[in-house]
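**Q** Structure incoming, see below.
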Amino acid sequence: QAQLVESGGGLAQQGESLRLSCKAPRMILSTFSAYTMGWYRQAPGKQRELVATIAPGRTTNYGDSVKDRFSISRDNGRKTVYLQMTSLSPEDTAVYYCHAKSGTTEYWGQGTQVTVSS
């Protein structure tokens, strides 16, 4: 079983919302709580880019293109990180990857496709 399992991707119309979830089924709760969790995305022909991160203390950081539209949150009890995406545009179309990092240890999810049509 993978360390990180994403869900919630799919098709959306411009202006709609989607919520992505990322669970860490193999991590124990205290381990998950210590990780900085994040979301990155990669569109066809482009480099992977930061979407948002949330630190153990819940400090958040967002990529410039998603500020004020996306919101990252975490539920340590469920070992899950969420990405609430609003006001979606076709430019948000990409594979979205969940990421976990603590020190030199990091994990990536398998990715979930988000496609936004105009």
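Identifiers in this document derive from the order of the structure tokens: chains are assigned A, B, ..., residues are numbered from 1 separately in each chain, and ligands are numbered from 1 in order of occurrence.
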Would you kindly return, as a PDB file with N, CA and C atoms, in the first residue's frame, each protein, DNA or RNA residue with an atom no farther than 10 Å from any atom of A:Leu50, considering only C-alpha atoms and excluding same-chain residues fewer than 5 positions away?
**A**
ATOM      1  N   GLY A  38       1.875  18.716   1.568  1.00  0.00           N
ATOM      2  CA  GLY A  38       1.706  19.679   0.496  1.00  0.00           C
ATOM      3  C   GLY A  38       1.051  19.089  -0.733  1.00  0.00           C
ATOM      4  N   TRP A  39       0.685  19.972  -1.608  1.00  0.00           N
ATOM      5  CA  TRP A  39       0.137  19.620  -2.918  1.00  0.00           C
ATOM      6  C   TRP A  39       0.972  20.322  -3.990  1.00  0.00           C
ATOM      7  N   TYR A  40       1.313  19.563  -4.994  1.00  0.00           N
ATOM      8  CA  TYR A  40       1.993  20.086  -6.164  1.00  0.00           C
ATOM      9  C   TYR A  40       1.189  19.657  -7.383  1.00  0.00           C
ATOM     10  N   ARG A  41       1.451  20.317  -8.510  1.00  0.00           N
ATOM     11  CA  ARG A  41       0.738  19.917  -9.720  1.00  0.00           C
ATOM     12  C   ARG A  41       1.667  20.001 -10.927  1.00  0.00           C
ATOM     13  N   GLN A  42       1.322  19.211 -11.911  1.00  0.00           N
ATOM     14  CA  GLN A  42       2.107  19.211 -13.143  1.00  0.00           C
ATOM     15  C   GLN A  42       1.165  19.137 -14.324  1.00  0.00           C
ATOM     16  N   ASN A  61       1.441  27.844   3.034  1.00  0.00           N
ATOM     17  CA  ASN A  61       2.143  28.561   1.978  1.00  0.00           C
ATOM     18  C   ASN A  61       1.479  28.184   0.668  1.00  0.00           C
ATOM     19  N   TYR A  62       1.296  29.168  -0.212  1.00  0.00           N
ATOM     20  CA  TYR A  62       0.584  28.922  -1.468  1.00  0.00           C
ATOM     21  C   TYR A  62       1.390  29.423  -2.668  1.00  0.00           C
ATOM     22  N   GLY A  63       1.221  28.732  -3.778  1.00  0.00           N
ATOM     23  CA  GLY A  63       1.754  29.225  -5.028  1.00  0.00           C
ATOM     24  C   GLY A  63       0.990  30.474  -5.455  1.00  0.00           C
ATOM     25  N   ASP A  64       1.663  31.357  -6.161  1.00  0.00           N
ATOM     26  CA  ASP A  64       1.048  32.634  -6.534  1.00  0.00           C
ATOM     27  C   ASP A  64      -0.217  32.449  -7.368  1.00  0.00           C
ATOM     28  N   SER A  65      -0.244  31.415  -8.194  1.00  0.00           N
ATOM     29  CA  SER A  65      -1.373  31.251  -9.106  1.00  0.00           C
ATOM     30  C   SER A  65      -2.638  30.758  -8.418  1.00  0.00           C
ATOM     31  N   VAL A  66      -2.532  30.310  -7.176  1.00  0.00           N
ATOM     32  CA  VAL A  66      -3.717  29.752  -6.500  1.00  0.00           C
ATOM     33  C   VAL A  66      -4.101  30.517  -5.244  1.00  0.00           C
ATOM     34  N   TYR A  96      -2.421  16.437  -9.902  1.00  0.00           N
ATOM     35  CA  TYR A  96      -2.122  16.978  -8.581  1.00  0.00           C
ATOM     36  C   TYR A  96      -1.516  15.879  -7.710  1.00  0.00           C
ATOM     37  N   TYR A  97      -0.374  16.198  -7.111  1.00  0.00           N
ATOM     38  CA  TYR A  97       0.367  15.233  -6.312  1.00  0.00           C
ATOM     39  C   TYR A  97       0.402  15.664  -4.852  1.00  0.00           C
TER      40      TYR A  97
END
**Q** Given only C-alpha atoms, how would the per-residue table for stretch 3-44 of chain A near stretch 70-85 of chain A read, listing every residue at most 7 Å away with its closest atom pair and distance in Å to one decimal, sorted by chain and number, as a tab-separated table?
**A**
residue	atom	partner	partner_atom	distance
A:Ser17	CA	A:Met85	CA	5.4
A:Leu18	CA	A:Met85	CA	5.2
A:Arg19	CA	A:Gln84	CA	4.4
A:Leu20	CA	A:Leu83	CA	5.0
A:Ser21	CA	A:Tyr82	CA	4.6
A:Cys22	CA	A:Val81	CA	5.2
A:Lys23	CA	A:Thr80	CA	4.4
A:Ala24	CA	A:Lys79	CA	5.6
A:Leu29	CA	A:Lys79	CA	6.4
A:Phe32	CA	A:Lys79	CA	6.1
A:Ser33	CA	A:Asn76	CA	5.7
A:Met37	CA	A:Val81	CA	7.0
**Q** To one decimal in Å, tell me the separation between atom CA of A:Ser117 and atom CA of A:Leu4.
**A**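 Computing the Euclidean distance for atom CA of A:Ser117 and atom CA of A:Leu4 yields 27.4 Å.
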**Q** May I ask for the distance between atom CA of A:Thr105 and atom CA of A:Lys67, given in Å to one decimal place?
**A** 27.1 Å
**Q** Which one of A:Ala94, A:Ala12, A:Ile28, A:Ala2 sits closest to A:Ala43 if you count only C-alpha atoms?
**A**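 Distance minimum relative to A:Ala43 lands on A:Ala94.
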